Amino acid sequence: MEIKEAKKRIKKLRLKIDKIRYHYHVLDELIVPEGVKDSLQHELQELEQEYPQLITADSPTQRVGGKPLAKFEKVTHSKAMLSLNDAFSEEELIAWEERIKKLAPEEKFDYFAELKIDGFAVTLIYENGILKTGATRGNGFVGENITQNLKTIESIPLRLNEVKGVDTRKRIEVRGEIFMSKKEFEGINQEQKKKGLPIYANPRNLAAGSVRQLDPKITASRNLDSYMYELVTDLGQKTHEEKHEIIKKLGFKTSKYIKYAKNLGEVFDYFNYWEKHRKELPFLIDGVVVIVNNLKLEDKLGTVGKAPRWSVALKFSPEQVTTILEDIRVSLGRTGALTPYAVLKPVRVAGSTISRATLHNEDEIKRKDLKIGDTVIIQKAGDVIPEVVAPIKELRTGKEKEFKMPRFCPICGGKVLRPAGEAVARCANTKCYAIEREKIIHFVSKEAFDIIGLGEQIIDRFLEEKLISDPADLFSLEVSDLEILERFGKKSAENIINSIKNRKIVTLPRFIFALGI
Ligand code: IVH
């Protein structure tokens, strides 16, 4: 092929390859069958080999072109790469808002919230639209030049898109996070295991280690991904939200899980949603970043040390924490089973405050070697029921007490029996008040008779007043029985009687379930 013709062909190939890359790695869309990009890339490589004078820095062939380095050069950041102060609760976030509002009392505050990706911060500098330098954060002021490695990440454009109103010839700096998906991380660890090599601790460390390799071929093999969230250069943006829009138009991958929030209430909704649903994401996050949306306020609020006042990281509560096992008590189920449970010093874990956790049975307590007064590790993952994992025996003082299953029912005083070979201890009194109570609660529950408005407190009242002693008694109650009770008006008496009457007939499966069969 003549050089003139080759030049034209090369240009077209580059555009097409880049378009496929953009759709696949930035937008998550496959627009041509897999393999097409590789064969176009192969053709481009051959042409460039024939005419090396036509190779340019933004050619897709240059993503893995670099030779291993002896060391990384230093890069001084045009503007410091800041870190964020953490907040661990809604109260702390509200206190943050109060502080910043005092500094700018005449301003209206709205926010932008995004996921705090557990990755590695980088900055990317484009000149004449072409990626010139990519660097690590380092100490915030001076980082390391890792351009060769960042070029291997397919979601990072080597050339910026043309955007209306943006002069892409000028130096443009964008920042964001490099990370590894959970799937990629697991795949690499499986390979390590197969080869008998040590496994990596977490995706964050592996991503950080991968971009700091002197040989870009290693980085290229790691399938890293990126999300850009910060536009350093002034391209006319007035809000943080607009930064995202511009960055996206320039061709970067931006997070789709972002949220404009007109107040902190909306920030909390976003935070609570992601605290519950973070497991569904393909990458790890450790909180949400909250940013004052109006950029004018950035200057007004300024920074303290290495952290800005206009942004804060609201961190998820950890899934494992320690607390004190204050007591072990037993609860009585409707089958008469006595189940020990932990009374814990209240502690925040995975988004909720925990003060109780079931301990299942006596053997489980023995197996875990739990003693009353122990400092214990408790765990809760997402919506899962909290669990006491283990005591920290090193912290024992000698005053801790052994748990003993009571020999008599704590409710009726009846004998507690634990048949040989069984894990569960039971109250032997079939007329035990608590057993009857549990039976009634079960009987009216949502999956059984589903009697609306008949909560535990009301059932207790009826039992105390001897109006009922078993579930069947509910159906002979009259308004006149209830309205004479203290703090129980005619209206509420009618409501309850009506809802019982409404549920007189239920399906057979519900009926069987309600009887506890
Ligand atoms: S905004 C002034 N947005 O968290 C700094 N940071 O502790 C503005 N991070 O260095 C940062 N995801 O490495 C921002 N969506 C996100 C982020 C994010 C992760 C990291 C970033 C930063 C650190 C702050």
# chains A, B, ... in the order shown; residues from 1 in each chain; ligands from 1

$ select_by_dssp --residues "region 11-241 of chain A" --states "strand (DSSP E or B)" --output "PyMOL selection string"
chain A and resi 74-76+86-87+111-117+120-127+130-136+142-145+159+172-179+225-231+239

$ residues_around --residues "region 336-338 of chain A" --least-positions-apart "2" --cutoff "8 Å" --atoms "only C-alpha atoms" --output "number ranges by chain"
A: 330-334, 340, 424-428, 430, 432, 435

$ closest_atom_pairs --of "chain A" --to "ligand 1" --cutoff "7 Å" --atoms "only C-alpha atoms and all ligand atoms" --output "CSV"
residue,atom,partner,partner_atom_place_in_ligand_line,distance
A:Met81,CA,ligand 1,5 (C),6.7
A:Leu82,CA,ligand 1,2 (C),4.5
A:Ser83,CA,ligand 1,24 (C),4.0
A:Leu84,CA,ligand 1,7 (O),4.0
A:Asn85,CA,ligand 1,7 (O),6.8
A:Glu114,CA,ligand 1,15 (N),5.0
A:Leu115,CA,ligand 1,15 (N),5.0
A:Lys116,CA,ligand 1,12 (N),3.5
A:Ile117,CA,ligand 1,12 (N),4.0
A:Asp118,CA,ligand 1,19 (C),5.9
A:Gly119,CA,ligand 1,19 (C),6.4
A:Phe120,CA,ligand 1,13 (O),5.5
A:Ala121,CA,ligand 1,13 (O),4.0
A:Gly176,CA,ligand 1,17 (C),6.9
A:Glu177,CA,ligand 1,13 (O),5.9
A:Tyr229,CA,ligand 1,3 (N),5.8
A:Glu230,CA,ligand 1,1 (S),6.7
A:Val289,CA,ligand 1,3 (N),5.5
A:Ala307,CA,ligand 1,2 (C),6.5
A:Pro308,CA,ligand 1,2 (C),5.9
A:Ser311,CA,ligand 1,2 (C),6.6
A:Ala313,CA,ligand 1,7 (O),6.8

$ closest_residue --among "A:Leu314, A:Leu47, A:Val376, A:Ala261" --to "Ala87 (chain A)" --atoms "only C-alpha atoms"
A:Leu314

$ residues_around --residues "Ile218 (chain A)" --least-positions-apart "2" --cutoff "12 Å" --atoms "only C-alpha atoms" --output "PyMOL selection string"
chain A and resi 64+66-68+148-150+152-153+206-207+209-216+220-224

$ select_by_dssp --residues "region 226-429 of chain A" --states "helix (DSSP H, G or I)" --output "ChimeraX atom specification"
/A:240-250,264-280,296-301,362-368,393-395

$ closest_residue --among "A:Thr397, A:Thr239, A:Thr339, A:Ser476" --to "Asn293 (chain A)" --atoms "only C-alpha atoms"
A:Thr239

$ atom_distance --atom1 "CA of Val166 (chain A)" --atom2 "CA of Asn128 (chain A)"
11.8 Å

$ residues_around --residues "Ile188 (chain A)" --least-positions-apart "4" --cutoff "9 Å" --atoms "only C-alpha atoms" --output "VMD selection string"
chain A and resid 183 to 184 192 to 193 199 to 200 222

$ residues_around --residues "region 53-56 of chain A" --least-positions-apart "2" --cutoff "10 Å" --atoms "only C-alpha atoms" --output "PDB file with C-alpha atoms, in the first residue's frame"
ATOM      1  CA  ILE A   3       1.929   5.729   2.096  1.00  0.00           C
ATOM      2  CA  ALA A   6      -1.962   3.815   4.235  1.00  0.00           C
ATOM      3  CA  LYS A   7      -2.373   7.122   6.018  1.00  0.00           C
ATOM      4  CA  ILE A  10      -4.810   4.093   9.380  1.00  0.00           C
ATOM      5  CA  LYS A  11      -6.940   7.093  10.249  1.00  0.00           C
ATOM      6  CA  LEU A  44      -3.448  -1.291  12.095  1.00  0.00           C
ATOM      7  CA  GLN A  45      -0.370  -2.707  13.794  1.00  0.00           C
ATOM      8  CA  LEU A  47       0.413  -0.864   8.673  1.00  0.00           C
ATOM      9  CA  GLU A  48       2.145   1.079  11.416  1.00  0.00           C
ATOM     10  CA  GLN A  49       5.048  -1.342  11.307  1.00  0.00           C
ATOM     11  CA  GLU A  50       5.355  -0.730   7.607  1.00  0.00           C
ATOM     12  CA  TYR A  51       5.157   3.031   8.112  1.00  0.00           C
ATOM     13  CA  ASP A  58      -3.034   8.403  20.550  1.00  0.00           C
ATOM     14  CA  SER A  59      -2.996   5.357  18.283  1.00  0.00           C
ATOM     15  CA  PRO A  60      -4.787   2.393  19.911  1.00  0.00           C
ATOM     16  CA  THR A  61      -1.616   0.369  19.274  1.00  0.00           C
ATOM     17  CA  GLN A  62       0.217   2.599  21.722  1.00  0.00           C
ATOM     18  CA  ILE A 130      -4.022  13.929  23.558  1.00  0.00           C
TER      19      ILE A 130
END

$ closest_atom_pairs --of "region 270-307 of chain A" --to "region 90-112 of chain A" --cutoff "7 Å" --atoms "only C-alpha atoms" --output "Markdown table"
| residue | atom | partner | partner_atom | distance |
| --- | --- | --- | --- | --- |
| A:Val290 | CA | A:Phe112 | CA | 5.9 |
| A:Ile291 | CA | A:Phe112 | CA | 5.2 |
| A:Val292 | CA | A:Tyr111 | CA | 4.7 |
| A:Asn293 | CA | A:Tyr111 | CA | 4.7 |
| A:Leu301 | CA | A:Leu103 | CA | 6.8 |

$ write_last_selection --atoms "N, CA and C atoms" --output "PDB file, in the first residue's frame"
ATOM      1  N   VAL A 290     -19.795  13.326  49.485  1.00  0.00           N
ATOM      2  CA  VAL A 290     -20.789  14.395  49.425  1.00  0.00           C
ATOM      3  C   VAL A 290     -20.049  15.681  49.091  1.00  0.00           C
ATOM      4  N   ILE A 291     -20.512  16.376  48.072  1.00  0.00           N
ATOM      5  CA  ILE A 291     -19.803  17.565  47.597  1.00  0.00           C
ATOM      6  C   ILE A 291     -20.795  18.726  47.509  1.00  0.00           C
ATOM      7  N   VAL A 292     -20.371  19.892  47.961  1.00  0.00           N
ATOM      8  CA  VAL A 292     -21.186  21.092  47.788  1.00  0.00           C
ATOM      9  C   VAL A 292     -21.245  21.337  46.278  1.00  0.00           C
ATOM     10  N   ASN A 293     -22.448  21.408  45.736  1.00  0.00           N
ATOM     11  CA  ASN A 293     -22.567  21.421  44.274  1.00  0.00           C
ATOM     12  C   ASN A 293     -22.088  22.725  43.635  1.00  0.00           C
ATOM     13  N   LEU A 301     -15.222  28.373  50.931  1.00  0.00           N
ATOM     14  CA  LEU A 301     -15.051  27.468  52.073  1.00  0.00           C
ATOM     15  C   LEU A 301     -13.593  27.059  52.270  1.00  0.00           C
TER      16      LEU A 301
END

$ residues_around --residues "Pro318 (chain A)" --least-positions-apart "5" --cutoff "12 Å" --atoms "only C-alpha atoms" --output "list in words"
Phe88, Ser89, Glu275, Ile285, Asp286, Gly287, Val347, Arg348, Val349, Ala350, Gly351, Ser352, Thr353, Ile377, Ile378, Gln379, Lys380, Ala381 and Gly382 of chain A

$ write_last_selection --atoms "N, CA and C atoms" --output "CSV table (one decimal), in the first residue's frame"
chain,number,residue,atom,x,y,z
A,88,PHE,N,-18.9,9.5,60.0
A,88,PHE,CA,-19.3,8.2,60.2
A,88,PHE,C,-20.8,8.0,60.6
A,89,SER,N,-21.5,9.2,60.6
A,89,SER,CA,-22.9,9.1,61.0
A,89,SER,C,-23.6,10.3,60.4
A,275,GLU,N,-25.8,1.7,51.2
A,275,GLU,CA,-25.3,0.9,52.3
A,275,GLU,C,-26.0,-0.5,52.2
A,285,ILE,N,-17.1,-0.4,47.3
A,285,ILE,CA,-17.1,1.0,47.7
A,285,ILE,C,-17.1,1.1,49.2
A,286,ASP,N,-16.6,2.2,49.8
A,286,ASP,CA,-16.6,2.2,51.2
A,286,ASP,C,-17.3,3.4,51.8
A,287,GLY,N,-18.2,4.0,51.0
A,287,GLY,CA,-19.0,5.1,51.5
A,287,GLY,C,-19.5,5.9,50.4
A,347,VAL,N,-24.2,-0.9,69.5
A,347,VAL,CA,-23.1,-0.5,68.6
A,347,VAL,C,-23.6,-0.5,67.2
A,348,ARG,N,-23.0,0.4,66.4
A,348,ARG,CA,-23.4,0.6,65.0
A,348,ARG,C,-22.6,-0.4,64.1
A,349,VAL,N,-23.4,-1.2,63.3
A,349,VAL,CA,-22.7,-2.1,62.5
A,349,VAL,C,-23.5,-2.3,61.2
A,350,ALA,N,-22.8,-2.2,60.0
A,350,ALA,CA,-23.5,-2.3,58.7
A,350,ALA,C,-24.8,-1.5,58.7
A,351,GLY,N,-24.8,-0.3,59.1
A,351,GLY,CA,-26.0,0.5,58.9
A,351,GLY,C,-27.1,0.4,60.0
A,352,SER,N,-27.0,-0.4,61.0
A,352,SER,CA,-28.0,-0.3,62.0
A,352,SER,C,-27.4,-0.5,63.4
A,353,THR,N,-28.1,-0.1,64.4
A,353,THR,CA,-27.6,-0.3,65.8
A,353,THR,C,-28.0,-1.6,66.3
A,377,ILE,N,-16.5,-9.9,69.1
A,377,ILE,CA,-16.6,-9.4,67.7
A,377,ILE,C,-18.0,-9.7,67.2
A,378,ILE,N,-18.7,-8.7,66.7
A,378,ILE,CA,-20.0,-9.0,66.1
A,378,ILE,C,-20.0,-8.6,64.7
A,379,GLN,N,-20.8,-9.3,63.9
A,379,GLN,CA,-20.8,-9.1,62.5
A,379,GLN,C,-22.2,-9.1,61.9
A,380,LYS,N,-22.3,-8.2,60.9
A,380,LYS,CA,-23.6,-8.1,60.2
A,380,LYS,C,-23.3,-7.7,58.8
A,381,ALA,N,-23.7,-8.5,57.9
A,381,ALA,CA,-23.4,-8.2,56.5
A,381,ALA,C,-24.7,-7.7,55.8
A,382,GLY,N,-24.8,-6.5,55.4
A,382,GLY,CA,-26.0,-6.0,54.7
A,382,GLY,C,-27.2,-6.3,55.6

$ atom_distance --atom1 "CA of Glu478 (chain A)" --atom2 "CA of Glu438 (chain A)"
22.5 Å

$ atom_distance --atom1 "CA of Lys248 (chain A)" --atom2 "CA of Asn161 (chain A)"
9.6 Å

$ residues_around --residues "Glu394 (chain A)" --least-positions-apart "4" --cutoff "12 Å" --atoms "only C-alpha atoms" --output "ChimeraX atom specification"
/A:374-376,390,398
